[in-house]
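Pasting upload.cif here (mmCIF, C-alpha atoms and all ligand atoms):
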```cif
data_protein
loop_
_atom_site.group_PDB
_atom_site.id
_atom_site.type_symbol
_atom_site.label_atom_id
_atom_site.label_comp_id
_atom_site.auth_asym_id
_atom_site.auth_seq_id
_atom_site.Cartn_x
_atom_site.Cartn_y
_atom_site.Cartn_z
ATOM 1 C CA MET A 1 -13.979 0.099 10.921
ATOM 2 C CA ALA A 2 -14.363 -3.662 10.691
ATOM 3 C CA GLU A 3 -17.898 -3.539 12.094
ATOM 4 C CA ASN A 4 -18.879 -0.946 9.510
ATOM 5 C CA ARG A 5 -18.419 -3.218 6.509
ATOM 6 C CA ARG A 6 -19.287 -1.881 3.110
ATOM 7 C CA SER A 7 -18.819 -3.433 -0.276
ATOM 8 C CA PRO A 8 -15.418 -4.873 -1.196
ATOM 9 C CA LEU A 9 -13.240 -2.284 -2.891
ATOM 10 C CA LEU A 10 -10.620 -4.815 -3.946
ATOM 11 C CA GLU A 11 -11.110 -8.545 -4.186
ATOM 12 C CA LEU A 12 -8.597 -11.144 -5.328
ATOM 13 C CA THR A 13 -9.927 -14.649 -5.854
ATOM 14 C CA GLY A 14 -7.566 -17.569 -6.411
ATOM 15 C CA VAL A 15 -4.828 -15.455 -7.987
ATOM 16 C CA SER A 16 -1.603 -17.132 -9.098
ATOM 17 C CA SER A 17 1.209 -15.371 -10.887
ATOM 18 C CA TYR A 18 4.552 -16.404 -12.260
ATOM 19 C CA TYR A 19 7.932 -15.021 -13.281
ATOM 20 C CA GLY A 20 8.653 -17.353 -16.180
ATOM 21 C CA PRO A 21 8.462 -20.815 -14.641
ATOM 22 C CA VAL A 22 8.735 -19.501 -11.060
ATOM 23 C CA ARG A 23 5.461 -19.257 -9.195
ATOM 24 C CA ALA A 24 5.426 -16.107 -7.050
ATOM 25 C CA LEU A 25 1.764 -16.157 -5.924
ATOM 26 C CA GLU A 26 -0.364 -19.250 -5.434
ATOM 27 C CA ASP A 27 -4.139 -19.185 -5.188
ATOM 28 C CA VAL A 28 -4.219 -15.895 -3.297
ATOM 29 C CA SER A 29 -7.637 -14.704 -2.157
ATOM 30 C CA LEU A 30 -8.057 -11.512 -0.196
ATOM 31 C CA VAL A 31 -10.468 -8.668 0.183
ATOM 32 C CA VAL A 32 -10.167 -5.013 1.134
ATOM 33 C CA TYR A 33 -13.366 -3.258 2.168
ATOM 34 C CA GLN A 34 -13.876 0.411 1.638
ATOM 35 C CA GLY A 35 -12.638 2.497 4.562
ATOM 36 C CA GLU A 36 -10.287 -0.133 5.965
ATOM 37 C CA ILE A 37 -6.569 -0.319 6.540
ATOM 38 C CA VAL A 38 -5.538 -3.805 5.527
ATOM 39 C CA THR A 39 -1.970 -4.972 5.865
ATOM 40 C CA LEU A 40 -0.067 -7.727 4.104
ATOM 41 C CA ILE A 41 2.917 -8.949 6.057
ATOM 42 C CA GLY A 42 5.549 -11.495 5.156
ATOM 43 C CA ALA A 43 9.256 -12.146 5.030
ATOM 44 C CA ASN A 44 11.669 -11.074 2.315
ATOM 45 C CA GLY A 45 10.718 -12.720 -0.947
ATOM 46 C CA ALA A 46 7.278 -13.902 0.241
ATOM 47 C CA GLY A 47 5.660 -12.254 -2.786
ATOM 48 C CA LYS A 48 4.310 -9.045 -1.264
ATOM 49 C CA SER A 49 5.568 -6.672 -3.971
ATOM 50 C CA THR A 50 4.549 -9.182 -6.618
ATOM 51 C CA LEU A 51 0.998 -9.101 -5.292
ATOM 52 C CA LEU A 52 0.922 -5.313 -5.657
ATOM 53 C CA MET A 53 2.373 -5.445 -9.145
ATOM 54 C CA THR A 54 -0.039 -8.207 -10.178
ATOM 55 C CA LEU A 55 -2.882 -5.762 -9.543
ATOM 56 C CA PHE A 56 -1.426 -3.733 -12.410
ATOM 57 C CA GLY A 57 -0.827 -6.766 -14.612
ATOM 58 C CA ILE A 58 2.979 -6.921 -14.163
ATOM 59 C CA PRO A 59 3.151 -9.891 -13.976
ATOM 60 C CA ARG A 60 -0.302 -10.730 -15.250
ATOM 61 C CA ALA A 61 -2.430 -12.981 -13.024
ATOM 62 C CA PHE A 62 -2.150 -16.392 -14.650
ATOM 63 C CA LYS A 63 -5.171 -17.725 -12.794
ATOM 64 C CA GLY A 64 -7.968 -16.229 -10.720
ATOM 65 C CA SER A 65 -9.632 -12.841 -10.786
ATOM 66 C CA ILE A 66 -9.039 -9.326 -9.514
ATOM 67 C CA VAL A 67 -12.004 -7.016 -9.067
ATOM 68 C CA PHE A 68 -11.561 -3.370 -8.145
ATOM 69 C CA ALA A 69 -14.533 -1.103 -7.498
ATOM 70 C CA ASP A 70 -16.890 -3.528 -9.242
ATOM 71 C CA THR A 71 -14.681 -3.682 -12.340
ATOM 72 C CA ASP A 72 -12.913 -6.889 -13.307
ATOM 73 C CA ILE A 73 -9.352 -5.631 -13.868
ATOM 74 C CA THR A 74 -7.738 -9.069 -14.287
ATOM 75 C CA HIS A 75 -7.144 -8.610 -17.987
ATOM 76 C CA LEU A 76 -7.194 -4.835 -18.339
ATOM 77 C CA PRO A 77 -4.119 -3.178 -19.862
ATOM 78 C CA THR A 78 -1.793 -1.773 -17.203
ATOM 79 C CA HIS A 79 -2.247 1.855 -18.274
ATOM 80 C CA SER A 80 -5.992 1.749 -17.748
ATOM 81 C CA ILE A 81 -5.864 0.363 -14.187
ATOM 82 C CA ALA A 82 -4.466 3.325 -12.180
ATOM 83 C CA PRO A 83 -7.054 5.772 -13.581
ATOM 84 C CA LEU A 84 -9.787 3.621 -12.001
ATOM 85 C CA GLY A 85 -8.542 4.896 -8.641
ATOM 86 C CA LEU A 86 -5.631 2.660 -7.610
ATOM 87 C CA ALA A 87 -2.333 4.293 -6.645
ATOM 88 C CA LEU A 88 0.900 2.554 -5.715
ATOM 89 C CA VAL A 89 3.699 4.037 -3.619
ATOM 90 C CA PRO A 90 6.503 1.684 -4.586
ATOM 91 C CA GLU A 91 9.194 0.327 -2.324
ATOM 92 C CA GLY A 92 12.126 2.756 -2.434
ATOM 93 C CA ARG A 93 9.823 5.750 -3.073
ATOM 94 C CA ARG A 94 11.103 6.510 -6.618
ATOM 95 C CA ILE A 95 10.833 10.247 -6.327
ATOM 96 C CA PHE A 96 12.791 12.387 -8.784
ATOM 97 C CA PRO A 97 15.667 13.861 -6.727
ATOM 98 C CA GLY A 98 16.562 16.619 -9.209
ATOM 99 C CA MET A 99 13.013 17.956 -9.368
ATOM 100 C CA THR A 100 11.447 20.135 -6.677
ATOM 101 C CA VAL A 101 8.913 18.866 -4.172
ATOM 102 C CA SER A 102 6.044 20.589 -5.982
ATOM 103 C CA GLU A 103 7.201 19.302 -9.389
ATOM 104 C CA ASN A 104 7.256 15.773 -8.000
ATOM 105 C CA MET A 105 3.751 16.264 -6.659
ATOM 106 C CA GLU A 106 2.501 17.577 -9.982
ATOM 107 C CA LEU A 107 3.537 14.291 -11.600
ATOM 108 C CA GLY A 108 0.881 12.579 -9.501
ATOM 109 C CA ARG A 109 -1.805 14.746 -11.056
ATOM 110 C CA ALA A 110 -1.612 12.732 -14.292
ATOM 111 C CA ALA A 111 -3.238 9.796 -12.509
ATOM 112 C CA LEU A 112 -6.402 11.834 -12.146
ATOM 113 C CA GLY A 113 -7.127 10.911 -15.745
ATOM 114 C CA LYS A 114 -10.584 11.972 -16.794
ATOM 115 C CA ARG A 115 -12.016 11.814 -13.279
ATOM 116 C CA SER A 116 -11.235 15.352 -12.168
ATOM 117 C CA ARG A 117 -9.065 18.285 -13.086
ATOM 118 C CA VAL A 118 -9.117 19.704 -9.597
ATOM 119 C CA ALA A 119 -6.088 18.605 -7.600
ATOM 120 C CA ASN A 120 -6.297 18.421 -3.820
ATOM 121 C CA THR A 121 -3.017 20.223 -3.244
ATOM 122 C CA ASP A 122 -4.300 22.297 -0.309
ATOM 123 C CA TYR A 123 -5.466 19.207 1.550
ATOM 124 C CA LEU A 124 -2.112 17.537 0.896
ATOM 125 C CA TYR A 125 -0.086 20.530 2.059
ATOM 126 C CA ASP A 126 -2.230 20.601 5.236
ATOM 127 C CA LEU A 127 -1.575 16.917 5.768
ATOM 128 C CA PHE A 128 2.165 17.279 5.057
ATOM 129 C CA PRO A 129 3.101 20.826 6.166
ATOM 130 C CA ILE A 130 6.799 20.023 5.785
ATOM 131 C CA LEU A 131 6.236 19.524 2.045
ATOM 132 C CA LYS A 132 4.594 22.924 1.814
ATOM 133 C CA GLU A 133 7.558 24.482 3.583
ATOM 134 C CA ARG A 134 9.975 22.718 1.243
ATOM 135 C CA ARG A 135 7.961 22.855 -1.962
ATOM 136 C CA GLN A 136 10.649 24.715 -3.918
ATOM 137 C CA GLN A 137 13.433 22.503 -2.583
ATOM 138 C CA LYS A 138 14.952 19.684 -4.677
ATOM 139 C CA ALA A 139 13.396 16.399 -3.560
ATOM 140 C CA GLY A 140 16.837 14.778 -3.311
ATOM 141 C CA THR A 141 17.714 17.077 -0.400
ATOM 142 C CA LEU A 142 14.814 15.814 1.748
ATOM 143 C CA SER A 143 15.331 13.336 4.575
ATOM 144 C CA GLY A 144 14.227 9.730 4.068
ATOM 145 C CA GLY A 145 11.008 10.300 5.995
ATOM 146 C CA GLU A 146 10.205 13.458 4.033
ATOM 147 C CA GLN A 147 10.860 11.620 0.768
ATOM 148 C CA GLN A 148 8.426 8.926 1.877
ATOM 149 C CA MET A 149 5.850 11.630 2.639
ATOM 150 C CA LEU A 150 6.444 13.106 -0.801
ATOM 151 C CA ALA A 151 5.947 9.716 -2.472
ATOM 152 C CA ILE A 152 2.663 9.302 -0.580
ATOM 153 C CA ALA A 153 1.540 12.863 -1.361
ATOM 154 C CA ARG A 154 2.337 12.347 -5.047
ATOM 155 C CA ALA A 155 0.185 9.211 -5.094
ATOM 156 C CA LEU A 156 -2.638 11.067 -3.320
ATOM 157 C CA MET A 157 -2.580 13.803 -5.986
ATOM 158 C CA GLY A 158 -4.389 11.283 -8.177
ATOM 159 C CA GLN A 159 -7.179 11.078 -5.547
ATOM 160 C CA PRO A 160 -7.141 7.295 -5.461
ATOM 161 C CA ARG A 161 -9.865 5.246 -3.832
ATOM 162 C CA LEU A 162 -7.248 2.721 -2.776
ATOM 163 C CA LEU A 163 -3.709 3.656 -1.777
ATOM 164 C CA LEU A 164 -1.202 0.802 -1.996
ATOM 165 C CA LEU A 165 1.910 1.298 0.116
ATOM 166 C CA ASP A 166 4.924 -0.969 -0.369
ATOM 167 C CA GLU A 167 7.046 -0.967 2.792
ATOM 168 C CA PRO A 168 6.791 2.716 3.693
ATOM 169 C CA SER A 169 8.792 2.124 6.887
ATOM 170 C CA LEU A 170 11.844 0.759 5.067
ATOM 171 C CA GLY A 171 15.075 2.395 6.199
ATOM 172 C CA LEU A 172 13.383 4.922 8.487
ATOM 173 C CA ALA A 173 14.085 5.562 12.175
ATOM 174 C CA PRO A 174 11.387 4.328 14.595
ATOM 175 C CA MET A 175 10.169 7.856 15.391
ATOM 176 C CA VAL A 176 9.792 8.638 11.709
ATOM 177 C CA VAL A 177 7.931 5.372 11.118
ATOM 178 C CA LYS A 178 5.551 6.350 13.900
ATOM 179 C CA LYS A 179 4.886 9.642 12.163
ATOM 180 C CA ILE A 180 4.306 8.015 8.767
ATOM 181 C CA PHE A 181 1.903 5.499 10.293
ATOM 182 C CA ALA A 182 -0.007 8.310 12.047
ATOM 183 C CA LEU A 183 -0.310 10.016 8.655
ATOM 184 C CA ILE A 184 -1.650 6.802 7.138
ATOM 185 C CA ARG A 185 -4.366 6.820 9.798
ATOM 186 C CA SER A 186 -5.296 10.418 8.856
ATOM 187 C CA ILE A 187 -5.419 9.485 5.187
ATOM 188 C CA VAL A 188 -7.902 6.692 5.919
ATOM 189 C CA GLN A 189 -9.969 9.000 8.092
ATOM 190 C CA SER A 190 -10.214 11.339 5.100
ATOM 191 C CA GLY A 191 -11.823 8.583 3.052
ATOM 192 C CA THR A 192 -9.012 6.791 1.206
ATOM 193 C CA THR A 193 -8.758 3.057 1.789
ATOM 194 C CA VAL A 194 -5.222 1.755 2.443
ATOM 195 C CA PHE A 195 -3.523 -1.538 1.645
ATOM 196 C CA LEU A 196 -0.216 -1.597 3.459
ATOM 197 C CA VAL A 197 2.558 -4.051 2.622
ATOM 198 C CA GLU A 198 5.075 -4.300 5.420
ATOM 199 C CA GLN A 199 7.902 -6.306 6.910
ATOM 200 C CA ASN A 200 7.459 -4.221 10.058
ATOM 201 C CA ALA A 201 4.726 -6.578 11.244
ATOM 202 C CA ASN A 202 4.341 -5.203 14.730
ATOM 203 C CA GLN A 203 3.499 -1.648 13.764
ATOM 204 C CA ALA A 204 1.568 -2.615 10.657
ATOM 205 C CA LEU A 205 -0.708 -4.962 12.624
ATOM 206 C CA GLN A 206 -1.229 -2.369 15.312
ATOM 207 C CA LEU A 207 -2.369 0.114 12.697
ATOM 208 C CA ALA A 208 -4.458 -2.199 10.533
ATOM 209 C CA ASP A 209 -8.076 -3.261 10.873
ATOM 210 C CA ARG A 210 -7.203 -6.601 9.319
ATOM 211 C CA GLY A 211 -4.159 -8.392 8.029
ATOM 212 C CA TYR A 212 -2.957 -11.220 5.826
ATOM 213 C CA VAL A 213 0.251 -13.184 6.275
ATOM 214 C CA LEU A 214 1.941 -14.266 3.055
ATOM 215 C CA VAL A 215 4.389 -17.182 3.107
ATOM 216 C CA ASN A 216 6.066 -18.328 -0.110
ATOM 217 C CA GLY A 217 3.311 -16.814 -2.227
ATOM 218 C CA LEU A 218 0.476 -18.363 -0.195
ATOM 219 C CA VAL A 219 -1.893 -16.633 2.234
ATOM 220 C CA ARG A 220 -1.120 -18.518 5.397
ATOM 221 C CA LEU A 221 -3.142 -16.586 7.988
ATOM 222 C CA THR A 222 -5.706 -13.838 8.133
ATOM 223 C CA GLY A 223 -7.497 -12.012 10.926
ATOM 224 C CA THR A 224 -7.901 -8.673 12.605
ATOM 225 C CA GLY A 225 -4.716 -6.816 13.449
ATOM 226 C CA GLN A 226 -5.184 -7.717 17.100
ATOM 227 C CA GLU A 227 -5.830 -11.405 16.351
ATOM 228 C CA LEU A 228 -2.673 -11.648 14.294
ATOM 229 C CA LEU A 229 -0.621 -9.808 16.917
ATOM 230 C CA ALA A 230 -1.732 -12.437 19.426
ATOM 231 C CA ASN A 231 -1.227 -15.395 17.081
ATOM 232 C CA PRO A 232 1.666 -17.609 18.282
ATOM 233 C CA GLU A 233 2.944 -18.254 14.747
ATOM 234 C CA VAL A 234 2.976 -14.558 13.930
ATOM 235 C CA ARG A 235 4.590 -13.728 17.253
ATOM 236 C CA GLN A 236 7.363 -16.210 16.690
ATOM 237 C CA ALA A 237 8.032 -15.674 12.999
ATOM 238 C CA TYR A 238 7.432 -11.940 12.615
ATOM 239 C CA LEU A 239 7.553 -10.333 16.025
ATOM 240 C CA GLY A 240 10.584 -12.177 17.367
ATOM 241 C CA LYS A 241 8.662 -13.350 20.419
ATOM 242 C CA VAL A 242 8.944 -16.847 21.835
ATOM 243 C CA THR A 243 5.601 -18.189 22.987
ATOM 244 C CA SER A 244 4.935 -20.705 25.720
ATOM 245 C CA GLU A 245 2.993 -22.855 23.240
ATOM 246 C CA GLY A 246 6.245 -23.333 21.346
HETATM 247 P P1 LIG B 1 10.793 -7.975 -0.458
HETATM 248 O O1 LIG B 1 10.299 -7.521 0.841
HETATM 249 O O2 LIG B 1 12.199 -8.457 -0.412
HETATM 250 O O3 LIG B 1 10.517 -7.027 -1.591
HETATM 251 P P2 LIG B 1 8.519 -9.491 -1.315
HETATM 252 O O4 LIG B 1 7.695 -10.238 -0.336
HETATM 253 O O5 LIG B 1 7.994 -8.214 -1.820
HETATM 254 O O6 LIG B 1 9.968 -9.318 -0.745
HETATM 255 P P3 LIG B 1 8.737 -10.221 -4.077
HETATM 256 O O7 LIG B 1 9.667 -9.115 -4.414
HETATM 257 O O8 LIG B 1 7.336 -10.121 -4.524
HETATM 258 O O9 LIG B 1 8.773 -10.506 -2.513
HETATM 259 O O10 LIG B 1 9.374 -11.578 -4.632
HETATM 260 C C1 LIG B 1 8.675 -12.822 -4.608
HETATM 261 C C2 LIG B 1 9.505 -13.884 -5.345
HETATM 262 O O11 LIG B 1 9.547 -13.582 -6.730
HETATM 263 C C3 LIG B 1 10.947 -13.941 -4.875
HETATM 264 O O12 LIG B 1 11.342 -15.290 -4.916
HETATM 265 C C4 LIG B 1 11.687 -13.121 -5.904
HETATM 266 O O13 LIG B 1 13.013 -13.567 -6.034
HETATM 267 C C5 LIG B 1 10.902 -13.398 -7.168
HETATM 268 N N1 LIG B 1 10.923 -12.256 -8.091
HETATM 269 C C6 LIG B 1 10.574 -10.981 -7.807
HETATM 270 N N2 LIG B 1 10.658 -10.188 -8.891
HETATM 271 C C7 LIG B 1 11.095 -10.994 -9.895
HETATM 272 C C8 LIG B 1 11.386 -10.781 -11.295
HETATM 273 N N3 LIG B 1 11.223 -9.588 -11.864
HETATM 274 N N4 LIG B 1 11.813 -11.848 -12.008
HETATM 275 C C9 LIG B 1 11.947 -13.068 -11.443
HETATM 276 N N5 LIG B 1 11.677 -13.346 -10.149
HETATM 277 C C10 LIG B 1 11.265 -12.320 -9.383
#
```
Please express what this file holds, its structure, as structure tokens.
Ligand code: ATP
Amino acid sequence: MAENRRSPLLELTGVSSYYGPVRALEDVSLVVYQGEIVTLIGANGAGKSTLLMTLFGIPRAFKGSIVFADTDITHLPTHSIAPLGLALVPEGRRIFPGMTVSENMELGRAALGKRSRVANTDYLYDLFPILKERRQQKAGTLSGGEQQMLAIARALMGQPRLLLLDEPSLGLAPMVVKKIFALIRSIVQSGTTVFLVEQNANQALQLADRGYVLVNGLVRLTGTGQELLANPEVRQAYLGKVTSEG
């Protein structure tokens, strides 16, 4: 994908954001081109979730600019940002356990806003056949991996241009993570760009076209997935590998 660069879909330039007096992001610049999988990796508390939430103005970027699909969204009200085509699958999935699978999916339809009234349910049930099988089942009875699929499917109901995933691998067995990551690849192949926030650096970098490493709210490194996988600092800090360069 990287060689087939199109226009930036999302571009952050010099973004800083704060929780009260505490700076969570400092001068963050990054770009996601249409059709890419871009990953943001970093340790606990590095500011990864904050970066996602800052896109929606919670917290509001104190400095810098955020442009999505040629629209400056830096100062837009939160409720008008998702309808532009940005969908977030939050950490912890936040599905409604007492509602059925199909009811949970229907909630994602609201994000379509004025863009379209035609939901892509058939495509989603093809992509996630297990959800079709279980569509009348209460979401709370699904396994962790199935709940993650449901959270992703719900976000895709809004037909976003950019899907933001916050730690989709969290708490899932390695085989299930593999499956979720394979699904992410299919989603991108179907035309949705993906920005993947992960602590699971190894798998995220293997999947991604490009990546950014966030340390204490600062972008410390960037490169292709392969470059970052080979980077001694990344290997030592995030992949648990000791390098000969020390
Ligand atoms: P994790 O993987 O643990 O979610 P993260 O990289 O997503 O980590 P954030 O959750 O963005 O990190 O947190 C970045 C910093 O901001 C941390 O120091 C955290 O304690 C702080 N922080 C996060 N949310 C709030 C909040 N609502 N109020 C105050 N400080 C916060």
Considering all atoms listed in the file, return as a PDB file with C-alpha atoms, in the frame of the given file whatever protein or nucleic-acid residues lie within 12 Å of stretch 167-184 of chain A, sequence-local ones (same chain, fewer than 6 positions apart) excluded.
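Full text of out.pdb as output:
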```pdb
ATOM      1  CA  GLU A  36     -10.287  -0.133   5.965  1.00  0.00           C
ATOM      2  CA  ILE A  37      -6.569  -0.319   6.540  1.00  0.00           C
ATOM      3  CA  VAL A  38      -5.538  -3.805   5.527  1.00  0.00           C
ATOM      4  CA  THR A  39      -1.970  -4.972   5.865  1.00  0.00           C
ATOM      5  CA  LEU A  40      -0.067  -7.727   4.104  1.00  0.00           C
ATOM      6  CA  ILE A  41       2.917  -8.949   6.057  1.00  0.00           C
ATOM      7  CA  GLY A  42       5.549 -11.495   5.156  1.00  0.00           C
ATOM      8  CA  ALA A  43       9.256 -12.146   5.030  1.00  0.00           C
ATOM      9  CA  ASN A  44      11.669 -11.074   2.315  1.00  0.00           C
ATOM     10  CA  LYS A  48       4.310  -9.045  -1.264  1.00  0.00           C
ATOM     11  CA  SER A  49       5.568  -6.672  -3.971  1.00  0.00           C
ATOM     12  CA  LEU A  52       0.922  -5.313  -5.657  1.00  0.00           C
ATOM     13  CA  LEU A  88       0.900   2.554  -5.715  1.00  0.00           C
ATOM     14  CA  VAL A  89       3.699   4.037  -3.619  1.00  0.00           C
ATOM     15  CA  PRO A  90       6.503   1.684  -4.586  1.00  0.00           C
ATOM     16  CA  GLU A  91       9.194   0.327  -2.324  1.00  0.00           C
ATOM     17  CA  GLY A  92      12.126   2.756  -2.434  1.00  0.00           C
ATOM     18  CA  ARG A  93       9.823   5.750  -3.073  1.00  0.00           C
ATOM     19  CA  ARG A  94      11.103   6.510  -6.618  1.00  0.00           C
ATOM     20  CA  LEU A 124      -2.112  17.537   0.896  1.00  0.00           C
ATOM     21  CA  ASP A 126      -2.230  20.601   5.236  1.00  0.00           C
ATOM     22  CA  LEU A 127      -1.575  16.917   5.768  1.00  0.00           C
ATOM     23  CA  PHE A 128       2.165  17.279   5.057  1.00  0.00           C
ATOM     24  CA  PRO A 129       3.101  20.826   6.166  1.00  0.00           C
ATOM     25  CA  SER A 143      15.331  13.336   4.575  1.00  0.00           C
ATOM     26  CA  GLY A 144      14.227   9.730   4.068  1.00  0.00           C
ATOM     27  CA  GLY A 145      11.008  10.300   5.995  1.00  0.00           C
ATOM     28  CA  GLU A 146      10.205  13.458   4.033  1.00  0.00           C
ATOM     29  CA  GLN A 147      10.860  11.620   0.768  1.00  0.00           C
ATOM     30  CA  GLN A 148       8.426   8.926   1.877  1.00  0.00           C
ATOM     31  CA  MET A 149       5.850  11.630   2.639  1.00  0.00           C
ATOM     32  CA  LEU A 150       6.444  13.106  -0.801  1.00  0.00           C
ATOM     33  CA  ALA A 151       5.947   9.716  -2.472  1.00  0.00           C
ATOM     34  CA  ILE A 152       2.663   9.302  -0.580  1.00  0.00           C
ATOM     35  CA  ALA A 153       1.540  12.863  -1.361  1.00  0.00           C
ATOM     36  CA  LEU A 156      -2.638  11.067  -3.320  1.00  0.00           C
ATOM     37  CA  SER A 190     -10.214  11.339   5.100  1.00  0.00           C
ATOM     38  CA  GLY A 191     -11.823   8.583   3.052  1.00  0.00           C
ATOM     39  CA  THR A 192      -9.012   6.791   1.206  1.00  0.00           C
ATOM     40  CA  THR A 193      -8.758   3.057   1.789  1.00  0.00           C
ATOM     41  CA  VAL A 194      -5.222   1.755   2.443  1.00  0.00           C
ATOM     42  CA  PHE A 195      -3.523  -1.538   1.645  1.00  0.00           C
ATOM     43  CA  LEU A 196      -0.216  -1.597   3.459  1.00  0.00           C
ATOM     44  CA  VAL A 197       2.558  -4.051   2.622  1.00  0.00           C
ATOM     45  CA  GLU A 198       5.075  -4.300   5.420  1.00  0.00           C
ATOM     46  CA  GLN A 199       7.902  -6.306   6.910  1.00  0.00           C
ATOM     47  CA  ASN A 200       7.459  -4.221  10.058  1.00  0.00           C
ATOM     48  CA  ALA A 201       4.726  -6.578  11.244  1.00  0.00           C
ATOM     49  CA  ASN A 202       4.341  -5.203  14.730  1.00  0.00           C
ATOM     50  CA  GLN A 203       3.499  -1.648  13.764  1.00  0.00           C
ATOM     51  CA  ALA A 204       1.568  -2.615  10.657  1.00  0.00           C
ATOM     52  CA  LEU A 205      -0.708  -4.962  12.624  1.00  0.00           C
ATOM     53  CA  GLN A 206      -1.229  -2.369  15.312  1.00  0.00           C
ATOM     54  CA  LEU A 207      -2.369   0.114  12.697  1.00  0.00           C
ATOM     55  CA  ALA A 208      -4.458  -2.199  10.533  1.00  0.00           C
TER      56      ALA A 208
END
```
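Applied to this file, the PyMOL selection byres (((chain A and resi 25) around 6) and not hetatm) selects the residues Ser16, Ser17, Arg23, Ala24, Glu26 and Gly217 of chain A.
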Excluding A:Val67 and any residue of its chain fewer than 4 positions from it, enumerate the residues within 8 Å of it, using only C-alpha atoms, and give them as a PyMOL selection string.
chain A and resi 9-12+71-74
Which residue out of A:Gln189, A:Thr54, A:Ser80, A:Thr224 has the minimum interatomic distance to ligand LIG 1 (chain B) when all atoms listed in the file are used?
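Counting all atoms listed in the file, the residue closest to ligand LIG 1 (chain B) is A:Thr54.
Computed from the coordinates, the atom CA of A:Ala110 to atom CA of A:Ala82 distance equals 10.1 Å.
Those residues that approach A:Ser29 to within 9 Å, counting only C-alpha atoms, are Glu11, Leu12, Thr13, Gly14, Val15, Gly64 and Val219 of chain A; same-chain residues fewer than 6 positions away are not listed.
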Enter the distance from atom N3 of ligand LIG 1 (chain B) to atom CA of A:Leu30, in Å, rounded to one decimal.
22.6 Å
Counting only C-alpha atoms, what is within 9 Å of A:Thr78, bar same-chain residues fewer than 5 positions away, as number ranges by chain?
A: 55-58
Let me make sure I understand: among A:Ser65, A:Gln136, A:Asn104, A:Asn216, which one has the smallest atom-to-atom distance to ligand LIG 1 (chain B) if we use only C-alpha atoms and all ligand atoms?
A:Asn216
Here is a test: counting all atoms listed in the file, which residue of A:Gly108, A:Gly20, A:Pro8, A:Pro77 is nearest to ligand LIG 1 (chain B)?
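Smallest separation from ligand LIG 1 (chain B) among the options: A:Gly20.
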Measuring between only C-alpha atoms and all ligand atoms, which one of A:Val215, A:Lys132, A:Leu165, A:Ala69 shows the shortest distance to ligand LIG 1 (chain B)?
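Closest residue, counting only C-alpha atoms and all ligand atoms: A:Val215.
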